[in-house]
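Undergrad: Below is the file work29.cif, which contains mmCIF, C-alpha atoms.
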data_structure
loop_
_atom_site.label_atom_id
_atom_site.label_comp_id
_atom_site.auth_asym_id
_atom_site.auth_seq_id
_atom_site.Cartn_x
_atom_site.Cartn_y
_atom_site.Cartn_z
CA MET I 160 -88.25 44.88 0.86
CA SER I 161 -87.15 41.95 -1.28
CA VAL I 162 -89.31 38.89 -1.81
CA GLU I 163 -87.86 36.09 0.28
CA THR I 164 -88.12 32.50 -0.87
CA LEU I 165 -89.13 30.19 1.91
CA ILE I 166 -90.06 26.55 2.00
CA ALA I 167 -92.02 24.82 4.71
CA VAL I 168 -92.57 21.29 5.92
CA ASP I 169 -95.85 20.25 7.49
CA HIS I 170 -95.64 16.94 9.30
CA ALA I 171 -99.44 16.68 9.26
CA PHE I 172 -99.40 16.11 5.51
CA GLU I 173 -99.36 12.58 4.13
CA THR I 174 -96.59 13.56 1.72
CA PRO I 175 -93.26 12.64 3.32
CA PRO I 176 -91.12 15.62 4.42
CA TYR I 177 -88.36 14.88 1.91
CA GLN I 178 -90.92 14.89 -0.92
CA GLN I 179 -92.36 18.20 0.31
CA ILE I 180 -88.85 19.67 0.14
CA VAL I 181 -88.27 18.24 -3.34
CA ASP I 182 -91.60 19.59 -4.62
CA GLN I 183 -91.10 23.06 -3.20
CA LEU I 184 -87.50 23.37 -4.35
CA ARG I 185 -88.43 22.25 -7.84
CA ALA I 186 -91.37 24.67 -7.89
CA ALA I 187 -89.14 27.54 -6.72
CA ILE I 188 -86.68 26.83 -9.54
CA GLU I 189 -89.46 26.51 -12.11
CA ARG I 190 -91.07 29.82 -11.23
CA GLY I 191 -87.67 31.55 -11.22
CA ALA I 192 -87.54 32.28 -7.49
CA LEU I 193 -84.22 30.44 -7.46
CA ALA I 194 -82.01 31.59 -10.31
CA PRO I 195 -79.61 29.25 -12.13
CA GLY I 196 -76.38 29.05 -10.13
CA ALA I 197 -78.02 30.31 -6.93
CA ALA I 198 -76.44 28.92 -3.78
CA LEU I 199 -78.66 26.80 -1.55
CA PRO I 200 -78.43 26.40 2.21
CA THR I 201 -76.28 23.59 3.52
CA VAL I 202 -78.00 20.33 4.39
CA ARG I 203 -77.43 21.01 8.08
CA GLN I 204 -78.81 24.56 7.92
CA LEU I 205 -81.95 23.60 6.03
CA ALA I 206 -82.57 20.60 8.28
CA ASP I 207 -82.15 22.70 11.44
CA ASP I 208 -84.39 25.48 10.13
CA LEU I 209 -87.13 23.06 9.06
CA GLY I 210 -86.85 20.90 12.16
CA VAL I 211 -86.21 17.72 10.16
CA ALA I 212 -83.35 15.20 10.17
CA PRO I 213 -80.31 16.06 7.99
CA ASN I 214 -80.85 12.80 6.10
CA THR I 215 -84.26 14.08 4.95
CA VAL I 216 -82.72 17.15 3.33
CA ALA I 217 -79.75 15.16 1.99
CA ARG I 218 -82.15 12.76 0.29
CA ALA I 219 -84.14 15.64 -1.22
CA TYR I 220 -80.96 17.28 -2.52
CA ALA I 221 -79.72 13.93 -3.89
CA ASP I 222 -83.01 13.35 -5.75
CA LEU I 223 -82.93 16.81 -7.29
CA GLN I 224 -79.30 16.38 -8.28
CA ALA I 225 -80.13 13.06 -9.92
CA GLU I 226 -82.93 14.79 -11.86
CA GLY I 227 -80.58 17.60 -12.92
CA TRP I 228 -82.17 20.43 -10.95
CA LEU I 229 -79.25 20.93 -8.58
CA ARG I 230 -75.52 20.44 -8.75
CA SER I 231 -73.23 19.68 -5.87
CA GLU I 232 -69.94 21.53 -5.48
CA GLY I 233 -68.63 19.24 -2.78
CA ARG I 234 -67.69 21.09 0.37
CA ARG I 235 -68.59 24.41 -1.22
CA GLY I 236 -72.27 23.49 -1.10
CA THR I 237 -75.12 22.95 -3.50
CA ARG I 238 -76.30 25.24 -6.27
CA VAL I 239 -79.19 25.40 -8.69
CA ALA I 240 -78.06 23.84 -11.99
CA GLU I 241 -77.29 26.28 -14.81
CA LYS I 242 -79.49 24.24 -17.16
CA THR I 243 -82.51 22.78 -15.47
CA PRO I 244 -84.39 19.87 -17.11
CA ALA I 245 -86.83 20.79 -19.88
CA VAL I 246 -90.26 21.12 -18.39
CA ASP I 247 -92.72 18.56 -19.66
CA ARG I 248 -96.02 20.46 -19.46
CA ARG I 249 -98.18 17.37 -19.26
CA ALA I 250 -96.00 15.76 -16.57
CA ARG I 251 -95.97 19.04 -14.69
CA ALA I 252 -99.78 19.31 -14.85
CA ASN I 253 -100.13 15.71 -13.70
CA ALA I 254 -97.75 16.36 -10.81
CA LEU I 255 -99.81 19.40 -9.79
CA VAL I 256 -103.07 17.43 -9.88
CA GLU I 257 -101.45 14.69 -7.85
CA SER I 258 -100.08 17.12 -5.28
CA VAL I 259 -103.41 18.91 -4.90
CA ALA I 260 -105.20 15.55 -4.58
CA GLN I 261 -102.82 14.51 -1.80
CA PHE I 262 -103.19 17.88 -0.12
CA VAL I 263 -106.99 17.78 -0.24
CA ALA I 264 -107.03 14.17 0.95
CA GLY I 265 -104.88 15.21 3.91
CA LEU I 266 -107.26 18.04 4.78
CA ARG I 267 -110.33 15.83 4.48
CA HIS I 268 -108.60 13.31 6.70
CA ARG I 269 -108.32 16.10 9.27
CA GLY I 270 -112.07 16.72 9.11
CA TYR I 271 -112.42 19.62 6.66
CA THR I 272 -115.36 19.41 4.28
CA SER I 273 -115.03 19.79 0.51
CA GLU I 274 -116.93 23.08 0.72
CA GLU I 275 -114.56 24.49 3.31
CA ILE I 276 -111.51 23.47 1.29
CA ALA I 277 -112.96 24.85 -1.94
CA HIS I 278 -113.85 28.11 -0.20
CA VAL I 279 -110.27 28.60 1.04
CA LEU I 280 -108.70 27.54 -2.26
CA ALA I 281 -110.86 30.07 -4.12
CA ARG I 282 -109.42 32.86 -1.96
CA TYR I 283 -105.89 31.45 -2.07
CA PRO I 284 -103.49 34.42 -1.97
CA GLN I 285 -101.00 34.73 -4.77
CA GLY I 286 -97.34 35.36 -4.06
CA ASN I 287 -97.44 34.19 -0.47
CA PRO I 288 -98.46 30.55 -0.22
CA PHE I 289 -98.03 30.47 3.55
CA LYS I 290 -100.14 33.44 4.51
CA ARG I 291 -103.10 32.59 6.74
CA ARG I 292 -106.34 34.46 6.52
CA MET G 117 -40.05 37.28 42.19
CA PHE G 118 -41.66 40.69 41.92
CA PRO G 119 -43.35 42.56 44.80
CA ILE G 120 -46.53 44.34 43.81
CA GLY G 121 -46.75 47.62 45.62
CA GLY G 122 -47.73 51.05 44.49
CA LEU G 123 -51.16 51.38 46.05
CA ALA G 124 -50.38 49.45 49.22
CA HIS G 125 -49.66 52.64 51.13
CA LEU G 126 -53.24 53.85 50.72
CA ASP G 127 -55.36 53.94 53.82
CA ARG G 128 -57.83 51.29 54.79
CA TRP G 129 -60.71 53.66 54.24
CA LEU G 130 -60.05 53.57 50.50
CA ILE G 131 -60.51 49.80 50.50
CA GLU G 132 -63.75 50.24 52.45
CA LEU G 133 -64.93 52.89 50.01
CA PHE G 134 -64.06 50.71 47.03
CA SER G 135 -65.93 47.71 48.47
CA ASN G 136 -68.99 49.84 49.27
CA VAL G 137 -69.07 51.41 45.83
CA TYR G 138 -68.60 48.03 44.25
CA GLY G 139 -71.34 46.47 46.37
CA VAL G 140 -73.72 49.25 45.38
CA PHE G 141 -72.73 48.72 41.74
CA LEU G 142 -73.56 45.00 41.98
CA ILE G 143 -76.87 45.71 43.72
CA GLY G 144 -77.74 48.30 41.06
CA PHE G 145 -76.82 45.86 38.31
CA GLY G 146 -79.02 43.19 39.91
CA VAL G 147 -81.94 45.60 40.32
CA VAL G 148 -81.65 46.58 36.66
CA LEU G 149 -81.77 42.91 35.63
CA VAL G 150 -84.79 42.18 37.84
CA VAL G 151 -86.76 45.33 37.04
CA LEU G 152 -85.95 45.53 33.35
CA ALA G 153 -86.28 41.78 32.69
CA PRO G 154 -89.48 42.20 30.60
CA ARG G 155 -87.77 44.87 28.49
CA LEU G 156 -84.61 42.80 28.09
CA ILE G 157 -86.55 40.05 26.35
CA ASP G 158 -88.86 42.39 24.40
CA ILE G 159 -87.85 42.02 20.77
CA ARG G 160 -89.60 45.29 19.83
CA GLY G 161 -86.59 47.03 21.32
CA TYR G 162 -84.52 45.97 18.31
CA PHE G 163 -86.62 48.18 16.03
CA SER G 164 -87.08 51.93 16.03
CA ARG G 165 -90.54 53.40 16.42
CA ARG G 166 -90.39 54.61 12.83
CA GLU G 167 -89.94 51.03 11.64
CA LEU G 168 -92.80 49.60 13.67
CA SER G 169 -95.63 49.34 11.17
CA PRO G 170 -98.78 47.39 12.11
CA ALA G 171 -97.64 44.50 9.88
CA LEU G 172 -94.22 44.42 11.55
CA GLU G 173 -95.88 44.59 14.99
CA THR G 174 -97.95 41.56 14.05
CA ALA G 175 -94.88 39.67 12.83
CA LEU G 176 -93.01 40.64 16.03
CA THR G 177 -95.88 39.40 18.18
CA ARG G 178 -95.87 36.11 16.28
CA ARG G 179 -92.12 35.80 16.72
CA ALA G 180 -92.36 36.60 20.44
CA ASP G 181 -95.00 33.88 20.77
CA LEU G 182 -92.73 31.42 18.97
CA GLU G 183 -89.78 32.27 21.20
CA SER G 184 -91.85 32.52 24.40
CA LEU G 185 -88.87 33.77 26.38
CA SER G 186 -89.16 33.86 30.13
CA THR G 187 -88.01 36.66 32.43
CA GLN G 188 -87.12 34.06 35.05
CA PRO G 189 -83.41 33.62 34.14
CA TRP G 190 -82.89 37.38 34.29
CA ARG G 191 -84.67 37.68 37.62
CA VAL G 192 -82.60 34.82 39.06
CA GLY G 193 -79.38 36.36 37.70
CA GLY G 194 -80.35 39.77 39.07
CA SER G 195 -81.16 38.31 42.47
CA VAL G 196 -77.73 36.65 42.64
CA ALA G 197 -76.09 39.98 41.75
CA ILE G 198 -78.07 41.80 44.49
CA PHE G 199 -77.15 39.10 47.01
CA SER G 200 -73.48 39.31 45.99
CA GLY G 201 -73.56 43.10 46.36
CA VAL G 202 -74.95 42.82 49.89
CA LEU G 203 -72.25 40.29 50.80
CA VAL G 204 -69.57 42.61 49.41
CA ILE G 205 -70.86 45.59 51.43
CA THR G 206 -71.01 43.51 54.61
CA ARG G 207 -67.41 42.31 53.94
CA ILE G 208 -68.47 38.66 53.83
CA LEU G 209 -67.25 38.47 50.23
CA ASP G 210 -64.32 40.11 48.50
CA SER G 211 -65.45 42.52 45.78
CA ALA G 212 -63.80 40.39 43.07
CA VAL G 213 -65.59 37.24 44.26
CA GLY G 214 -68.88 39.14 44.38
CA TYR G 215 -68.32 40.30 40.83
CA ALA G 216 -67.40 36.77 39.75
CA LEU G 217 -70.62 35.37 41.22
CA ALA G 218 -72.68 38.06 39.46
CA CYS G 219 -70.92 37.20 36.18
CA ALA G 220 -71.58 33.50 36.70
CA ALA G 221 -75.27 34.23 37.30
CA LEU G 222 -75.39 36.41 34.19
CA ALA G 223 -73.66 33.75 32.09
CA LEU G 224 -76.09 31.10 33.28
CA ALA G 225 -79.07 33.39 32.62
CA LEU G 226 -77.84 34.02 29.07
CA GLY G 227 -77.03 30.36 28.45
CA TRP G 228 -80.43 29.33 29.81
CA THR G 229 -82.23 31.88 27.62
CA PHE G 230 -80.49 30.88 24.42
CA ALA G 231 -80.71 27.15 25.12
CA HIS G 232 -84.45 27.74 25.37
CA LEU G 233 -84.39 29.68 22.10
CA ARG G 234 -82.46 26.88 20.41
CA ASN G 235 -84.76 24.12 21.53
CA HIS G 236 -88.12 25.86 21.74
CA GLY G 237 -90.51 26.77 18.97
CA VAL G 238 -91.77 24.58 16.17
CA ARG G 239 -89.52 25.14 13.20
CA ARG G 240 -91.32 24.59 9.93
CA ALA G 241 -90.11 27.17 7.40
CA ALA G 242 -86.65 27.91 6.02
CA LEU G 243 -85.05 30.53 3.84
CA LEU G 244 -83.60 29.15 0.62
CA SER G 245 -80.27 30.91 0.85
CA PRO G 246 -77.12 30.04 2.76
CA ARG G 247 -76.66 31.72 6.10
CA ARG G 248 -73.35 33.57 6.53
CA PRO G 249 -72.54 33.72 10.25
CA GLY G 250 -69.35 35.62 9.39
CA SER G 251 -71.40 38.61 8.25
CA VAL G 252 -72.85 38.90 11.76
CA LEU G 253 -69.56 38.37 13.59
CA SER G 254 -66.36 37.55 11.76
CA LEU G 255 -63.98 34.73 12.65
CA LEU G 256 -61.28 37.30 13.35
CA TRP G 257 -63.34 38.89 16.12
CA LEU G 258 -64.03 35.47 17.53
CA ILE G 259 -60.30 34.72 17.67
CA PHE G 260 -59.55 38.06 19.37
CA GLY G 261 -62.51 37.45 21.67
CA ALA G 262 -61.36 33.96 22.63
CA GLY G 263 -58.03 35.44 23.72
CA ALA G 264 -59.80 38.13 25.75
CA CYS G 265 -62.00 35.50 27.44
CA LEU G 266 -58.90 33.70 28.71
CA THR G 267 -57.14 36.79 30.10
CA PRO G 268 -58.62 36.46 33.63
CA LEU G 269 -56.57 33.27 33.98
CA VAL G 270 -53.42 35.32 34.65
CA VAL G 271 -54.94 36.51 37.92
CA VAL G 272 -55.38 32.94 39.13
CA TRP G 273 -51.69 32.97 40.14
CA ALA G 274 -52.33 35.58 42.81
CA PRO G 275 -53.89 34.08 45.97
CA VAL G 276 -56.61 36.74 46.12
CA GLY G 277 -57.48 36.20 42.46
CA ARG G 278 -57.61 32.43 42.41
CA VAL G 279 -61.32 31.90 43.07
CA PRO G 280 -62.71 34.94 41.24
CA GLY G 281 -60.31 34.45 38.32
CA THR G 282 -61.46 30.88 37.85
CA ILE G 283 -65.16 31.75 38.13
CA VAL G 284 -64.89 34.74 35.79
CA THR G 285 -62.97 32.71 33.20
CA LEU G 286 -65.59 29.97 33.27
CA ALA G 287 -68.45 32.50 33.11
CA THR G 288 -66.80 34.30 30.18
CA LEU G 289 -66.28 31.03 28.33
CA VAL G 290 -69.96 30.11 28.85
CA MET G 291 -70.94 33.50 27.42
CA PHE G 292 -68.52 33.07 24.54
CA ALA G 293 -70.00 29.64 23.75
CA THR G 294 -73.45 31.25 23.84
CA VAL G 295 -72.29 33.87 21.32
CA ILE G 296 -71.15 31.12 18.94
CA ALA G 297 -74.39 29.19 19.48
CA VAL G 298 -76.59 32.20 18.72
CA ARG G 299 -74.43 33.12 15.71
CA GLY G 300 -75.23 29.79 14.07
CA MET G 301 -78.66 29.19 15.56
CA PRO G 302 -81.39 27.86 13.24
CA ALA G 303 -83.84 30.44 11.95
CA LEU G 304 -87.23 30.62 13.62
CA LEU G 305 -89.71 31.31 10.84
CA SER G 306 -93.39 30.47 10.70
CA GLY G 307 -93.66 31.31 7.00
CA GLU G 308 -96.77 33.48 7.41
CA ASP G 309 -95.11 36.77 6.44
CA PRO G 310 -91.77 35.81 4.85
CA GLU G 311 -90.46 39.31 4.17
CA ARG G 312 -90.95 40.67 7.67
CA GLU G 313 -90.02 37.40 9.35
CA VAL G 314 -86.70 37.33 7.52
CA LEU G 315 -86.12 40.98 8.45
CA ILE G 316 -86.82 40.17 12.10
CA GLU G 317 -84.67 37.04 11.99
CA THR G 318 -81.72 38.93 10.51
CA ARG G 319 -82.02 41.89 12.88
CA LEU G 320 -82.42 39.75 15.99
CA ARG G 321 -79.48 37.52 15.16
CA GLU G 322 -77.23 40.48 14.39
CA ARG G 323 -78.13 42.53 17.46
CA ARG G 324 -78.18 39.60 19.84
CA VAL G 325 -74.83 38.21 18.72
CA ARG G 326 -73.07 41.58 18.73
CA GLY G 327 -74.66 42.71 22.00
CA LEU G 328 -73.82 39.45 23.70
CA PHE G 329 -70.26 39.51 22.38
CA LEU G 330 -69.79 43.05 23.64
CA LEU G 331 -71.08 41.99 27.05
CA THR G 332 -68.76 38.97 27.03
CA LEU G 333 -65.75 41.14 26.28
CA GLY G 334 -66.78 43.59 28.98
CA VAL G 335 -66.63 40.94 31.71
CA PRO G 336 -62.82 40.51 31.79
CA SER G 337 -62.25 44.26 31.33
CA VAL G 338 -64.32 45.11 34.41
CA PHE G 339 -62.82 42.15 36.27
CA PHE G 340 -59.30 43.54 35.95
CA ALA G 341 -60.49 46.87 37.29
CA THR G 342 -61.97 45.00 40.25
CA VAL G 343 -59.31 42.48 41.02
CA SER G 344 -56.22 44.63 40.55
CA PRO G 345 -57.08 46.90 43.52
CA GLY G 346 -57.96 43.69 45.36
CA ILE G 347 -54.51 42.28 44.74
CA LEU G 348 -52.80 45.53 45.54
CA LEU G 349 -54.83 46.61 48.55
CA ASN G 350 -56.13 43.52 50.27
CA GLU G 351 -52.86 41.69 50.44
CA GLY G 352 -50.44 44.57 50.36
CA ALA G 353 -47.15 43.59 48.83
CA VAL G 354 -48.10 40.23 47.33
CA VAL G 355 -45.10 38.50 45.88
CA LEU G 356 -45.75 37.13 42.41
CA PRO G 357 -43.47 35.63 39.78
CA ARG G 358 -42.17 38.46 37.61
CA LEU G 359 -43.72 36.98 34.47
CA ILE G 360 -47.19 36.80 36.03
CA ALA G 361 -46.91 40.26 37.58
CA GLY G 362 -46.00 41.63 34.18
CA ALA G 363 -48.76 39.69 32.44
CA ILE G 364 -51.60 41.15 34.54
CA PRO G 365 -51.46 44.71 33.12
CA PHE G 366 -50.81 43.30 29.65
CA ALA G 367 -53.85 40.99 29.88
CA SER G 368 -55.94 43.85 31.23
CA LEU G 369 -54.83 46.09 28.39
CA TYR G 370 -55.53 43.39 25.79
CA ALA G 371 -59.04 42.68 27.15
CA SER G 372 -59.87 46.41 27.21
CA ALA G 373 -58.43 46.96 23.73
CA VAL G 374 -60.49 44.14 22.19
CA ASN G 375 -63.58 45.35 24.05
CA GLY G 376 -63.05 48.94 22.95
CA GLY G 377 -62.19 47.95 19.41
CA PHE G 378 -65.32 45.87 19.07
CA LEU G 379 -67.45 48.64 20.57
CA LEU G 380 -66.13 51.05 17.94
CA TRP G 381 -66.74 48.45 15.22
CA VAL G 382 -70.35 48.02 16.36
CA LEU G 383 -70.93 51.76 16.62
CA ALA G 384 -69.56 52.26 13.11
CA ARG G 385 -72.13 49.77 11.82
CA ILE G 386 -75.07 51.21 13.73
CA ASN G 387 -74.48 54.61 12.17
CA PRO G 388 -72.49 54.01 8.97
CA ALA G 389 -73.57 57.25 7.32
CA ARG G 390 -71.94 59.46 9.91
CA PRO G 391 -70.93 62.75 8.30
CA ALA G 392 -67.22 63.51 8.18
CA CYS G 393 -65.98 66.08 10.67
#
Could I get this file's structure written as C-alpha cells?
TA:
Amino acid sequence: MSVETLIAVDHAFETPPYQQIVDQLRAAIERGALAPGAALPTVRQLADDLGVAPNTVARAYADLQAEGWLRSEGRRGTRVAEKTPAVDRRARANALVESVAQFVAGLRHRGYTSEEIAHVLARYPQGNPFKRR
Amino acid sequence: MFPIGGLAHLDRWLIELFSNVYGVFLIGFGVVLVVLAPRLIDIRGYFSRRELSPALETALTRRADLESLSTQPWRVGGSVAIFSGVLVITRILDSAVGYALACAALALALGWTFAHLRNHGVRRAALLSPRRPGSVLSLLWLIFGAGACLTPLVVVWAPVGRVPGTIVTLATLVMFATVIAVRGMPALLSGEDPEREVLIETRLRERRVRGLFLLTLGVPSVFFATVSPGILLNEGAVVLPRLIAGAIPFASLYASAVNGGFLLWVLARINPARPAC
C-alpha cells in the first residue's frame, strides 16, 4: 500500500484555513511527499474535499505560487515547481515554533492543560500526523 | 403509416400471463429492495473477506459513520415497486406503467441516497493528487449511455407507451445525473488512516459509479421488453408512423447493446487476469 499524502483543515484552529493549507502544502513539498512537477488537485476539487470555499484554496495556491513553491499551468492545473525556494533553516525553525505556539494556544483555549498537551505531543506518531490514539 | 402486428393474433391468456409474471417480478424486486436494504448500503460488501483486515474493518466502520446512509429510500422505493406489482396483477395498471413507476421510485431512492452522501459528513481531509473521473467511467461511455437513456422516448409516439415512456425517460435521466454526480463527488476522508481511507474512497467510487451506470442502462433495456408486448398485444394493430415503428426495435437494440457492452467491460475489469481459453 502506498503512502498517501493528505492535508486537513480544522476550523477549530485559530490559524485561518487558507494558512493551514499553505503550511501543509509547503511542508509536504519540503519533506518530499510532493515531488517536483507533481500535479496538484484543482482548486474546486481540493475545496470540495476539504469543505472550504474555492477562494480559500485559490488564495493558498496563489500565495505558494508567489513564493515559488507552485507553478500554474493555466487550465491544465497547478504543479509543484521544479525548483522550490532554498530553505532558510532559521526561518523554517521560526515558522515551526510559531505554528506549534499557535496550535498549543488553540488547544489551551479549548480547555486542555499544558500537561495533557505535552503528554500527547510526546507520543506523537511519526508518519501519520492525523492518527488519533 | 405502418401497422404493427405479428403478435396480435396471440390469445388473451398470453397477455394475462405476461401481466401476472410481470407483476410478480415487480413485487419480487420490491421485496428484494425492502429486505436487502441494510445490505445494499453496507460498504463492507465492496471488499472480499480476504481483504477485510481488522484495520480495514475499523476504517470501513469510520467511513460508514461518516456517510450514515439510511435504508429509508430503499424501503420506500421497494414499497412503491410492490404496490405497482399488485396493481399490475389486478389489471389496474398496465405492466409498462407499473414498471415505469418502479423505475421512478428506484431513481428517486438513488438520487436521495447520493444527495445525502454529497451533502452529509464533515469533510476535513483531502488527497493531494488530482482526481481522474475518466478512470472510473470514461466520457465515451457517458456519451453512449446518454443516448441509451433517451431511447425510451421513441415509445412515447405509441398511445400505450406515452405515459410509461415519459416516466422511464425521466427516471433514467435522474439516474444518469446521479452517475455523473457520484463520479465527481468530493472525497470523504477523515484523515485518521490515510492509506486505507484512500483505498476505500477509490473502491467505493469505482464500484458505485459502475454499478449505478449498469443499472441505469438496464432500465431502458428492460423497458423495451415490457412495452413492446404492450404495444403489440394490448392495442392489437396500432398504426404508427413508419419511421417511429422502425425506430422502436433499433432503439431497443441500441439500449441492449450499450448495456451488454458495458457489462462486458465491467466484467473484464473485475477479473482482468482471466486465463486464455
Undergrad: What are the residues of chain G lining chain I at 10 Å or less? Count all atoms listed in the file, and put the answer as a compact mmCIF listing (two decimals) with C-alpha atoms, keeping the file's coordinate frame.
TA:
# COMPACT_ATOMS: atom_id res chain seq x y z
CA ARG G 234 -82.46 26.88 20.41
CA GLY G 237 -90.51 26.77 18.97
CA VAL G 238 -91.77 24.58 16.17
CA ARG G 239 -89.52 25.14 13.20
CA ARG G 240 -91.32 24.59 9.93
CA ALA G 241 -90.11 27.17 7.40
CA ALA G 242 -86.65 27.91 6.02
CA LEU G 243 -85.05 30.53 3.84
CA LEU G 244 -83.60 29.15 0.62
CA SER G 245 -80.27 30.91 0.85
CA PRO G 246 -77.12 30.04 2.76
CA ARG G 247 -76.66 31.72 6.10
CA ARG G 248 -73.35 33.57 6.53
CA GLY G 300 -75.23 29.79 14.07
CA MET G 301 -78.66 29.19 15.56
CA PRO G 302 -81.39 27.86 13.24
CA ALA G 303 -83.84 30.44 11.95
CA LEU G 304 -87.23 30.62 13.62
CA LEU G 305 -89.71 31.31 10.84
CA SER G 306 -93.39 30.47 10.70
CA GLY G 307 -93.66 31.31 7.00
CA GLU G 308 -96.77 33.48 7.41
CA ASP G 309 -95.11 36.77 6.44
CA PRO G 310 -91.77 35.81 4.85
CA GLU G 311 -90.46 39.31 4.17
CA ARG G 312 -90.95 40.67 7.67
CA GLU G 313 -90.02 37.40 9.35
CA VAL G 314 -86.70 37.33 7.52
CA LEU G 315 -86.12 40.98 8.45
Undergrad: Give me, as a PyMOL selection string, all polymer residues having an atom no more than 10 Å from Arg218 in chain I, counting all atoms listed in the file and skipping those fewer than 4 positions away in the same chain.
TA: chain I and resi 177-178+180-181+202+213-214+222-224
Undergrad: Once the PyMOL selection byres ((chain G and resi 283-296) around 9) has been applied to the shown file, what residues remain in the selection, as a VMD selection string?
TA: chain G and resid 213 215 to 217 219 to 224 226 to 227 230 to 231 258 261 to 262 265 to 269 278 to 282 297 to 301 324 to 326 328 to 329 331 to 333 335 to 336 339
Undergrad: Please, could you write that set of residues out with C-alpha atoms as a short mmCIF file (atom, residue, chain, number, x, y, z; two decimals), in the coordinates of the input?
TA:
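As written to disk, part20.cif reads:
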data_model
loop_
_atom_site.label_atom_id
_atom_site.label_comp_id
_atom_site.auth_asym_id
_atom_site.auth_seq_id
_atom_site.Cartn_x
_atom_site.Cartn_y
_atom_site.Cartn_z
CA VAL G 213 -65.59 37.24 44.26
CA TYR G 215 -68.32 40.30 40.83
CA ALA G 216 -67.40 36.77 39.75
CA LEU G 217 -70.62 35.37 41.22
CA CYS G 219 -70.92 37.20 36.18
CA ALA G 220 -71.58 33.50 36.70
CA ALA G 221 -75.27 34.23 37.30
CA LEU G 222 -75.39 36.41 34.19
CA ALA G 223 -73.66 33.75 32.09
CA LEU G 224 -76.09 31.10 33.28
CA LEU G 226 -77.84 34.02 29.07
CA GLY G 227 -77.03 30.36 28.45
CA PHE G 230 -80.49 30.88 24.42
CA ALA G 231 -80.71 27.15 25.12
CA LEU G 258 -64.03 35.47 17.53
CA GLY G 261 -62.51 37.45 21.67
CA ALA G 262 -61.36 33.96 22.63
CA CYS G 265 -62.00 35.50 27.44
CA LEU G 266 -58.90 33.70 28.71
CA THR G 267 -57.14 36.79 30.10
CA PRO G 268 -58.62 36.46 33.63
CA LEU G 269 -56.57 33.27 33.98
CA ARG G 278 -57.61 32.43 42.41
CA VAL G 279 -61.32 31.90 43.07
CA PRO G 280 -62.71 34.94 41.24
CA GLY G 281 -60.31 34.45 38.32
CA THR G 282 -61.46 30.88 37.85
CA ALA G 297 -74.39 29.19 19.48
CA VAL G 298 -76.59 32.20 18.72
CA ARG G 299 -74.43 33.12 15.71
CA GLY G 300 -75.23 29.79 14.07
CA MET G 301 -78.66 29.19 15.56
CA ARG G 324 -78.18 39.60 19.84
CA VAL G 325 -74.83 38.21 18.72
CA ARG G 326 -73.07 41.58 18.73
CA LEU G 328 -73.82 39.45 23.70
CA PHE G 329 -70.26 39.51 22.38
CA LEU G 331 -71.08 41.99 27.05
CA THR G 332 -68.76 38.97 27.03
CA LEU G 333 -65.75 41.14 26.28
CA VAL G 335 -66.63 40.94 31.71
CA PRO G 336 -62.82 40.51 31.79
CA PHE G 339 -62.82 42.15 36.27
#
Undergrad: What gap, in Å, lies between CA of Phe340 in chain G and CA of Ser368 in chain G?
TA: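 Here the two named atoms are 5.8 Å from each other.
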Undergrad: Complete the atoms of range 215-227 of chain I to N, CA and C atoms and put them out as a PDB file, in the coordinates of the input.
TA:
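Full text of part17.pdb as output:
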ATOM      1  N   THR I 215     -83.065  13.729   5.742  1.00  0.00           N
ATOM      2  CA  THR I 215     -84.260  14.080   4.950  1.00  0.00           C
ATOM      3  C   THR I 215     -83.877  15.092   3.866  1.00  0.00           C
ATOM      4  N   VAL I 216     -83.124  16.116   4.282  1.00  0.00           N
ATOM      5  CA  VAL I 216     -82.720  17.150   3.330  1.00  0.00           C
ATOM      6  C   VAL I 216     -81.698  16.574   2.344  1.00  0.00           C
ATOM      7  N   ALA I 217     -80.773  15.750   2.862  1.00  0.00           N
ATOM      8  CA  ALA I 217     -79.750  15.160   1.990  1.00  0.00           C
ATOM      9  C   ALA I 217     -80.405  14.318   0.902  1.00  0.00           C
ATOM     10  N   ARG I 218     -81.454  13.594   1.276  1.00  0.00           N
ATOM     11  CA  ARG I 218     -82.150  12.760   0.290  1.00  0.00           C
ATOM     12  C   ARG I 218     -82.851  13.636  -0.760  1.00  0.00           C
ATOM     13  N   ALA I 219     -83.467  14.725  -0.286  1.00  0.00           N
ATOM     14  CA  ALA I 219     -84.140  15.640  -1.220  1.00  0.00           C
ATOM     15  C   ALA I 219     -83.131  16.248  -2.195  1.00  0.00           C
ATOM     16  N   TYR I 220     -81.991  16.704  -1.666  1.00  0.00           N
ATOM     17  CA  TYR I 220     -80.960  17.280  -2.520  1.00  0.00           C
ATOM     18  C   TYR I 220     -80.442  16.223  -3.516  1.00  0.00           C
ATOM     19  N   ALA I 221     -80.244  14.995  -3.022  1.00  0.00           N
ATOM     20  CA  ALA I 221     -79.720  13.930  -3.890  1.00  0.00           C
ATOM     21  C   ALA I 221     -80.695  13.641  -5.033  1.00  0.00           C
ATOM     22  N   ASP I 222     -81.996  13.600  -4.714  1.00  0.00           N
ATOM     23  CA  ASP I 222     -83.010  13.350  -5.750  1.00  0.00           C
ATOM     24  C   ASP I 222     -82.984  14.439  -6.810  1.00  0.00           C
ATOM     25  N   LEU I 223     -82.909  15.688  -6.345  1.00  0.00           N
ATOM     26  CA  LEU I 223     -82.930  16.810  -7.290  1.00  0.00           C
ATOM     27  C   LEU I 223     -81.647  16.877  -8.120  1.00  0.00           C
ATOM     28  N   GLN I 224     -80.556  16.450  -7.510  1.00  0.00           N
ATOM     29  CA  GLN I 224     -79.300  16.380  -8.280  1.00  0.00           C
ATOM     30  C   GLN I 224     -79.399  15.305  -9.356  1.00  0.00           C
ATOM     31  N   ALA I 225     -79.987  14.171  -8.973  1.00  0.00           N
ATOM     32  CA  ALA I 225     -80.130  13.060  -9.920  1.00  0.00           C
ATOM     33  C   ALA I 225     -81.021  13.471 -11.093  1.00  0.00           C
ATOM     34  N   GLU I 226     -82.016  14.337 -10.805  1.00  0.00           N
ATOM     35  CA  GLU I 226     -82.930  14.790 -11.860  1.00  0.00           C
ATOM     36  C   GLU I 226     -82.350  15.957 -12.657  1.00  0.00           C
ATOM     37  N   GLY I 227     -81.227  16.510 -12.178  1.00  0.00           N
ATOM     38  CA  GLY I 227     -80.580  17.600 -12.920  1.00  0.00           C
ATOM     39  C   GLY I 227     -81.004  18.985 -12.498  1.00  0.00           C
TER      40      GLY I 227
END
